[in-house]
Amino acid sequence: MTTVSQPVVSIAGVSKIFDAGGGQTRALDGIDLSIERDEFVSLIGPSGCGKSTLLRLIGDLTAPTSGSVTINGKPARQARLDRDYGIVFQAPVLFDWRTVQANVALPLEVKGTAAADRERRVEAMLELVELKDFARHYPYQLSGGMQQRVSIARALALEPSILLMDEPFGALDEMTRERMNAEVQRIWQSTGTTVVFVTHSIPEAVFLSTKVVVMSPRPGRIVRVIDIDLPRPRTDDTRETTRYFELITEVRETLRGRRGERAARTGVASAERTAAEGGVG
Amino acid sequence: MRLVRAVRAQAPAIAVFVGVILVWEASVAALNLQQFILPRPSAIATAFIANWPRLQLVAGNTLYEALGGLVIGVGAAVATGFAVARWARVREAVLPIAIGASAVPIIAAAPIMSNWFGILNPFAKMAIVILLVFFPVLVNVVRGLSQVEESAVELMRASAASDGQILRKLRIPNALPYFFTGLKISTTLSLIGAVVAEYFGGSNDVLGRVIVQSSSELRFDITWAAITITAMAGIAMYLVALGIERVVIPWHASQRLVET
């Protein structure tokens, strides 16, 4: 298994170029990022900053143009084949023809888990997301928030060492979103999974994360990594603390480019700089 | 209880149907129309009962051609659909042709099929049915197998699913509603194909020939009786397809509207 010192995710010198409409788009450039075990890391930035691409690179759903992505000491591809990932998209992507429990069982079926183990695992996962009473329902019979909880249960079914979430609550209303945030925190703490979380929402990123990775577009770069030192468990009260607002302001200002632009203007070695600034943050 | 509810749900349609029959009967009498222009429904019913043994026989023969063609055509289309969906090159080559071919009035080729397979051979009629049902089913099956949500495929890949697993657990279930759309179109087409192909000659003991011959003898009551049994057979085939669909894909959106 993974040793304590080994990072779960280690990205070195990664760039990604898309061929689009005759021209080339540099989606990501010079990305260095290391994510330790049990961390909850949010990737945040404006549209086109490549945060989703970065998540997909980590999950081996796309390959980098240059650089390396190492997961648990293995190439990303091997990690995917070893089923080290769980993944949650913005849309729940539940299979209409499967009941809730059959949807959660899908990755276990793919892996070839024995029926009895499968059943036990599905039950545990549905308990975790508090949907036990809906096991036999079909997706269309559930609300959007419930559907997304099913997709989280499915992503966790194989006990992945890393959970990738791509704007999972982007389609939900603010109230449901806050409730889901609390739930994700609880699930993260109880499962001990490392989470990489893509979001547009600054409050969401600050509330959930151990670290917020702020990115800038064209080409997609990491501007700064901000440590979030709010105590756990974070509750509704956390959302009213001064520190919470300070951190939100800090992320927002970094996004606006006050700190970011300065770093970009001085140019090179931005990776080292962000690492240093992240420590101060 | 369920029957009562089903009848109540269909009540408007039943009322319109009965109304049309009554207006038809009354207006033929009121306008004093000749029976060779438009026979009364009651006259059609009488002809239907009087000719029942023969109608039963010819309908059976026509149904054999239609069903035989339907089964072979749908089977071939599904098999081709899998191959076409599997290889992108084949899809790019075949799909535009299939879409184009489904717009061709294939029925016009009926005399050629009679020439190839023999005018008395039921397979000559089946061949027309096969050609007619092949393309709608093929196009739908290919769409269903290939138009899969990208994130659903990524989800499967994230679980390290093999291509076979993606096919079985994602593409095939995804294709079922499309397949049934094609199948329902095809049931109706198969009967049209068989009856119209019969117009061009062959055995006399088939619905198409009964329709042609009775009308040339100005026995339009029999013509209408034959059309009625053709319609009944068509509706029956469609309902069977609908019933299978309801059992196989109860989860699909098209089936949910029924619940309310």
# chains A, B, ... in the order shown; residues from 1 in each chain; ligands from 1
$ interface_residues --of "chain B" --to "chain A" --cutoff "10 Å" --atoms "only C-alpha atoms" --output "PyMOL selection string"
chain B and resi 149-162+165-166+169-170+173-174+248-253+256
$ select_by_dssp --residues "region 23-271 of chain A" --states "strand (DSSP E or B)" --output "ChimeraX atom specification"
/A:23-35,40-44,66-71,74-75,85-88,162-166,194-199,211-216,220-227
$ residues_around --residues "region 112-129 of chain B" --least-positions-apart "6" --cutoff "6 Å" --atoms "only C-alpha atoms" --output "PyMOL selection string"
chain B and resi 65+69+190+193-194+197+202-203
$ write_last_selection --atoms "C-alpha atoms" --output "short mmCIF file (atom, residue, chain, number, x, y, z; two decimals), in the first residue's frame"
data_model
loop_
_atom_site.label_atom_id
_atom_site.label_comp_id
_atom_site.auth_asym_id
_atom_site.auth_seq_id
_atom_site.Cartn_x
_atom_site.Cartn_y
_atom_site.Cartn_z
CA GLU B 65 -45.16 -13.07 -45.37
CA GLY B 69 -40.02 -10.66 -43.48
CA SER B 190 -44.12 -5.04 -42.87
CA GLY B 193 -44.99 -4.11 -47.77
CA ALA B 194 -46.60 -7.56 -47.91
CA ALA B 197 -46.20 -6.46 -53.00
CA GLY B 202 -48.62 -14.13 -57.24
CA SER B 203 -50.86 -16.46 -55.26
#
$ atom_distance --atom1 "CA of Ala77 (chain B)" --atom2 "CA of Phe135 (chain B)"
7.0 Å
$ residues_around --residues "Arg26 (chain A)" --least-positions-apart "6" --cutoff "8 Å" --atoms "only C-alpha atoms" --output "list of chain:residue names"
A:Ser15, A:Lys16, A:Ile17, A:Phe18, A:Arg218, A:Pro219, A:Gly220
$ closest_residue --among "A:Gln148, A:Ser209, A:Ser190, A:Thr53" --to "Asp229 (chain A)" --atoms "only C-alpha atoms"
A:Ser209
$ closest_residue --among "B:Pro105, B:Gly243, B:Gly201, B:Gly144" --to "Leu189 (chain B)" --atoms "only C-alpha atoms"
B:Pro105
$ residues_around --residues "Phe82 (chain B)" --least-positions-apart "6" --cutoff "10 Å" --atoms "only C-alpha atoms" --output "mmCIF file with C-alpha atoms, in the first residue's frame"
data_model
loop_
_atom_site.group_PDB
_atom_site.id
_atom_site.type_symbol
_atom_site.label_atom_id
_atom_site.label_comp_id
_atom_site.auth_asym_id
_atom_site.auth_seq_id
_atom_site.Cartn_x
_atom_site.Cartn_y
_atom_site.Cartn_z
ATOM 1 C CA ARG B 91 -20.480 3.544 -39.714
ATOM 2 C CA LEU B 138 -30.626 -0.361 -38.678
ATOM 3 C CA VAL B 141 -30.009 0.547 -33.576
ATOM 4 C CA VAL B 142 -26.829 2.302 -34.738
ATOM 5 C CA LEU B 145 -25.503 2.000 -29.723
ATOM 6 C CA SER B 146 -23.352 4.993 -30.623
ATOM 7 C CA LEU B 167 -21.339 -2.709 -24.649
ATOM 8 C CA ILE B 172 -27.164 -2.129 -25.395
#
$ residues_around --residues "region 168-181 of chain A" --least-positions-apart "4" --cutoff "9 Å" --atoms "only C-alpha atoms" --output "ChimeraX atom specification"
/A:88-92,144-145,148-149,185-186,197-201,204,207-208,236
$ residues_around --residues "Ala233 (chain B)" --least-positions-apart "3" --cutoff "10 Å" --atoms "only C-alpha atoms" --output "list in words"
Ala59, Gly60, Thr62, Leu63, Thr187, Thr188, Leu191, Ile227, Thr228, Ile229, Thr230, Ala236, Met237, Tyr238 and Leu239 of chain B
$ select_by_dssp --residues "region 40-251 of chain A" --states "alpha helix (DSSP H)" --output "short mmCIF file (atom, residue, chain, number, x, y, z; two decimals) with N, CA and C atoms, in the first residue's frame"
data_model
loop_
_atom_site.label_atom_id
_atom_site.label_comp_id
_atom_site.auth_asym_id
_atom_site.auth_seq_id
_atom_site.Cartn_x
_atom_site.Cartn_y
_atom_site.Cartn_z
N LYS A 51 -9.29 23.68 -15.31
CA LYS A 51 -9.42 22.92 -14.06
C LYS A 51 -10.05 21.54 -14.28
N SER A 52 -11.06 21.51 -15.19
CA SER A 52 -11.66 20.20 -15.49
C SER A 52 -10.70 19.31 -16.25
N THR A 53 -9.92 19.92 -17.13
CA THR A 53 -8.91 19.16 -17.88
C THR A 53 -7.89 18.55 -16.92
N LEU A 54 -7.50 19.35 -15.91
CA LEU A 54 -6.54 18.87 -14.93
C LEU A 54 -7.11 17.66 -14.17
N LEU A 55 -8.39 17.77 -13.81
CA LEU A 55 -9.05 16.66 -13.12
C LEU A 55 -9.08 15.41 -14.02
N ARG A 56 -9.38 15.63 -15.29
CA ARG A 56 -9.46 14.51 -16.22
C ARG A 56 -8.08 13.89 -16.46
N LEU A 57 -7.03 14.71 -16.39
CA LEU A 57 -5.67 14.18 -16.50
C LEU A 57 -5.35 13.28 -15.32
N ILE A 58 -5.75 13.74 -14.13
CA ILE A 58 -5.50 12.94 -12.93
C ILE A 58 -6.23 11.60 -13.06
N ALA A 76 -0.81 7.28 -14.16
CA ALA A 76 -2.26 7.44 -14.00
C ALA A 76 -3.03 6.29 -14.64
N ARG A 77 -2.53 5.83 -15.78
CA ARG A 77 -3.24 4.78 -16.50
C ARG A 77 -3.32 3.49 -15.66
N GLN A 78 -2.20 3.16 -15.03
CA GLN A 78 -2.18 1.96 -14.20
C GLN A 78 -3.13 2.13 -13.02
N ALA A 79 -3.14 3.35 -12.46
CA ALA A 79 -4.02 3.62 -11.33
C ALA A 79 -5.48 3.45 -11.73
N ARG A 80 -5.81 3.87 -12.96
CA ARG A 80 -7.19 3.69 -13.42
C ARG A 80 -7.52 2.21 -13.57
N LEU A 81 -6.58 1.46 -14.15
CA LEU A 81 -6.82 0.03 -14.33
C LEU A 81 -6.89 -0.69 -12.98
N VAL A 100 -31.65 2.52 -8.00
CA VAL A 100 -30.60 3.18 -7.23
C VAL A 100 -29.54 2.17 -6.79
N GLN A 101 -29.98 1.04 -6.22
CA GLN A 101 -28.99 0.07 -5.73
C GLN A 101 -28.19 -0.55 -6.88
N ALA A 102 -28.85 -0.76 -8.02
CA ALA A 102 -28.14 -1.33 -9.17
C ALA A 102 -27.13 -0.33 -9.75
N ASN A 103 -27.47 0.95 -9.67
CA ASN A 103 -26.52 1.98 -10.12
C ASN A 103 -25.27 1.99 -9.24
N VAL A 104 -25.49 1.90 -7.93
CA VAL A 104 -24.36 1.90 -7.00
C VAL A 104 -23.53 0.63 -7.19
N ALA A 105 -24.21 -0.46 -7.56
CA ALA A 105 -23.51 -1.75 -7.73
C ALA A 105 -22.69 -1.82 -9.01
N LEU A 106 -22.94 -0.88 -9.92
CA LEU A 106 -22.31 -0.97 -11.25
C LEU A 106 -20.79 -1.16 -11.23
N PRO A 107 -20.03 -0.30 -10.51
CA PRO A 107 -18.57 -0.50 -10.52
C PRO A 107 -18.17 -1.85 -9.91
N LEU A 108 -18.94 -2.32 -8.94
CA LEU A 108 -18.65 -3.61 -8.32
C LEU A 108 -18.89 -4.74 -9.31
N GLU A 109 -19.95 -4.61 -10.10
CA GLU A 109 -20.22 -5.60 -11.16
C GLU A 109 -19.09 -5.62 -12.17
N VAL A 110 -18.66 -4.42 -12.55
CA VAL A 110 -17.58 -4.31 -13.54
C VAL A 110 -16.32 -5.00 -13.02
N LYS A 111 -16.08 -4.82 -11.73
CA LYS A 111 -14.88 -5.41 -11.13
C LYS A 111 -15.03 -6.92 -10.96
N ALA A 115 -21.61 -11.54 -5.53
CA ALA A 115 -22.93 -10.95 -5.30
C ALA A 115 -23.17 -10.58 -3.83
N ALA A 116 -22.77 -11.45 -2.93
CA ALA A 116 -23.02 -11.20 -1.50
C ALA A 116 -22.25 -9.97 -1.02
N ASP A 117 -20.98 -9.91 -1.40
CA ASP A 117 -20.14 -8.75 -1.03
C ASP A 117 -20.70 -7.47 -1.63
N ARG A 118 -21.17 -7.63 -2.86
CA ARG A 118 -21.69 -6.49 -3.60
C ARG A 118 -22.89 -5.91 -2.86
N GLU A 119 -23.77 -6.80 -2.46
CA GLU A 119 -24.99 -6.38 -1.77
C GLU A 119 -24.65 -5.64 -0.48
N ARG A 120 -23.69 -6.20 0.27
CA ARG A 120 -23.29 -5.61 1.54
C ARG A 120 -22.70 -4.21 1.31
N ARG A 121 -21.86 -4.14 0.31
CA ARG A 121 -21.18 -2.88 0.01
C ARG A 121 -22.19 -1.81 -0.43
N VAL A 122 -23.13 -2.18 -1.29
CA VAL A 122 -24.14 -1.25 -1.77
C VAL A 122 -24.96 -0.72 -0.60
N GLU A 123 -25.31 -1.63 0.31
CA GLU A 123 -26.10 -1.23 1.46
C GLU A 123 -25.34 -0.22 2.32
N ALA A 124 -24.05 -0.51 2.53
CA ALA A 124 -23.22 0.41 3.32
C ALA A 124 -23.13 1.78 2.66
N MET A 125 -22.97 1.78 1.34
CA MET A 125 -22.83 3.04 0.61
C MET A 125 -24.12 3.85 0.65
N LEU A 126 -25.26 3.15 0.51
CA LEU A 126 -26.54 3.86 0.55
C LEU A 126 -26.80 4.40 1.95
N GLU A 127 -26.31 3.69 2.94
CA GLU A 127 -26.43 4.19 4.30
C GLU A 127 -25.59 5.45 4.47
N LEU A 128 -24.40 5.42 3.89
CA LEU A 128 -23.48 6.55 3.97
C LEU A 128 -24.10 7.82 3.39
N GLY A 144 -32.80 16.14 -7.83
CA GLY A 144 -31.44 16.32 -8.33
C GLY A 144 -30.38 16.07 -7.26
N GLY A 145 -30.63 16.57 -6.05
CA GLY A 145 -29.68 16.36 -4.95
C GLY A 145 -29.54 14.90 -4.59
N MET A 146 -30.66 14.18 -4.58
CA MET A 146 -30.62 12.76 -4.26
C MET A 146 -29.89 11.98 -5.35
N GLN A 147 -30.13 12.36 -6.60
CA GLN A 147 -29.44 11.68 -7.70
C GLN A 147 -27.93 11.85 -7.57
N GLN A 148 -27.51 13.06 -7.18
CA GLN A 148 -26.09 13.30 -7.04
C GLN A 148 -25.52 12.49 -5.88
N ARG A 149 -26.32 12.30 -4.81
CA ARG A 149 -25.85 11.47 -3.70
C ARG A 149 -25.67 10.02 -4.15
N VAL A 150 -26.57 9.55 -5.01
CA VAL A 150 -26.43 8.19 -5.56
C VAL A 150 -25.12 8.09 -6.33
N SER A 151 -24.82 9.13 -7.10
CA SER A 151 -23.59 9.06 -7.91
C SER A 151 -22.34 9.12 -7.02
N ILE A 152 -22.45 9.78 -5.86
CA ILE A 152 -21.33 9.77 -4.91
C ILE A 152 -21.18 8.37 -4.31
N ALA A 153 -22.32 7.77 -3.96
CA ALA A 153 -22.28 6.40 -3.41
C ALA A 153 -21.64 5.45 -4.42
N ARG A 154 -22.01 5.61 -5.68
CA ARG A 154 -21.44 4.76 -6.73
C ARG A 154 -19.93 4.98 -6.84
N ALA A 155 -19.51 6.27 -6.77
CA ALA A 155 -18.08 6.58 -6.91
C ALA A 155 -17.27 5.97 -5.77
N LEU A 156 -17.91 5.83 -4.59
CA LEU A 156 -17.19 5.32 -3.43
C LEU A 156 -17.30 3.81 -3.27
N GLU A 174 -28.72 26.83 -4.21
CA GLU A 174 -27.78 27.20 -3.16
C GLU A 174 -28.03 26.44 -1.85
N MET A 175 -29.30 26.29 -1.48
CA MET A 175 -29.63 25.60 -0.22
C MET A 175 -29.19 24.13 -0.27
N THR A 176 -29.58 23.47 -1.36
CA THR A 176 -29.21 22.06 -1.52
C THR A 176 -27.70 21.93 -1.56
N ARG A 177 -27.07 22.88 -2.21
CA ARG A 177 -25.63 22.86 -2.36
C ARG A 177 -24.94 22.90 -1.00
N GLU A 178 -25.40 23.79 -0.12
CA GLU A 178 -24.79 23.88 1.21
C GLU A 178 -24.99 22.60 2.00
N ARG A 179 -26.19 22.02 1.86
CA ARG A 179 -26.44 20.76 2.54
C ARG A 179 -25.51 19.66 2.02
N MET A 180 -25.35 19.64 0.69
CA MET A 180 -24.49 18.63 0.07
C MET A 180 -23.03 18.83 0.50
N ASN A 181 -22.63 20.10 0.66
CA ASN A 181 -21.26 20.38 1.11
C ASN A 181 -21.00 19.78 2.48
N ALA A 182 -21.97 19.97 3.38
CA ALA A 182 -21.83 19.39 4.72
C ALA A 182 -21.73 17.87 4.62
N GLU A 183 -22.54 17.33 3.72
CA GLU A 183 -22.56 15.87 3.58
C GLU A 183 -21.24 15.34 3.01
N VAL A 184 -20.71 16.06 2.02
CA VAL A 184 -19.44 15.63 1.43
C VAL A 184 -18.32 15.67 2.47
N GLN A 185 -18.35 16.71 3.32
CA GLN A 185 -17.36 16.81 4.38
C GLN A 185 -17.44 15.59 5.31
N ARG A 186 -18.67 15.24 5.69
CA ARG A 186 -18.88 14.09 6.57
C ARG A 186 -18.38 12.81 5.88
N ILE A 187 -18.72 12.63 4.61
CA ILE A 187 -18.31 11.43 3.88
C ILE A 187 -16.79 11.37 3.76
N TRP A 188 -16.20 12.51 3.46
CA TRP A 188 -14.73 12.58 3.31
C TRP A 188 -14.06 12.19 4.62
N GLN A 189 -14.59 12.72 5.74
CA GLN A 189 -13.97 12.43 7.03
C GLN A 189 -14.17 10.98 7.44
N SER A 190 -15.31 10.39 7.06
CA SER A 190 -15.57 9.03 7.50
C SER A 190 -14.93 7.98 6.59
N THR A 191 -14.61 8.33 5.34
CA THR A 191 -14.03 7.33 4.45
C THR A 191 -12.51 7.44 4.33
N ILE A 202 -16.51 29.97 -4.79
CA ILE A 202 -15.48 30.26 -3.80
C ILE A 202 -15.90 29.77 -2.40
N PRO A 203 -17.12 30.10 -1.95
CA PRO A 203 -17.52 29.63 -0.61
C PRO A 203 -17.46 28.11 -0.49
N GLU A 204 -17.86 27.43 -1.54
CA GLU A 204 -17.83 25.97 -1.53
C GLU A 204 -16.40 25.46 -1.38
N ALA A 205 -15.50 26.04 -2.16
CA ALA A 205 -14.10 25.63 -2.11
C ALA A 205 -13.51 25.86 -0.72
N VAL A 206 -13.79 27.05 -0.14
CA VAL A 206 -13.22 27.38 1.18
C VAL A 206 -13.81 26.49 2.26
N PHE A 207 -15.12 26.27 2.18
CA PHE A 207 -15.79 25.48 3.21
C PHE A 207 -15.26 24.05 3.27
N LEU A 208 -15.01 23.47 2.08
CA LEU A 208 -14.68 22.04 2.03
C LEU A 208 -13.21 21.72 2.17
N THR A 242 -15.09 35.06 11.07
CA THR A 242 -14.25 36.06 10.40
C THR A 242 -13.22 35.38 9.50
N ARG A 243 -12.64 34.31 10.02
CA ARG A 243 -11.58 33.62 9.27
C ARG A 243 -12.10 33.11 7.93
N TYR A 244 -13.35 32.60 7.96
CA TYR A 244 -14.00 32.09 6.75
C TYR A 244 -14.07 33.21 5.71
N PHE A 245 -14.52 34.40 6.16
CA PHE A 245 -14.64 35.52 5.23
C PHE A 245 -13.28 35.99 4.73
N GLU A 246 -12.29 35.98 5.63
CA GLU A 246 -10.94 36.37 5.23
C GLU A 246 -10.43 35.46 4.11
N LEU A 247 -10.67 34.16 4.31
CA LEU A 247 -10.18 33.20 3.31
C LEU A 247 -10.92 33.35 1.98
N ILE A 248 -12.24 33.60 2.07
CA ILE A 248 -13.01 33.83 0.84
C ILE A 248 -12.46 35.04 0.10
N THR A 249 -12.17 36.11 0.86
CA THR A 249 -11.62 37.32 0.26
C THR A 249 -10.27 37.03 -0.39
N GLU A 250 -9.48 36.23 0.32
CA GLU A 250 -8.16 35.91 -0.21
C GLU A 250 -8.25 35.16 -1.53
N VAL A 251 -9.14 34.17 -1.57
CA VAL A 251 -9.32 33.41 -2.81
C VAL A 251 -9.84 34.32 -3.91
#
$ atom_distance --atom1 "CA of Val195 (chain A)" --atom2 "CA of Asp166 (chain A)"
10.7 Å
$ closest_residue --among "B:Ser102, B:Phe36, B:Val23, B:Leu3" --to "Ser216 (chain B)" --atoms "only C-alpha atoms"
B:Phe36
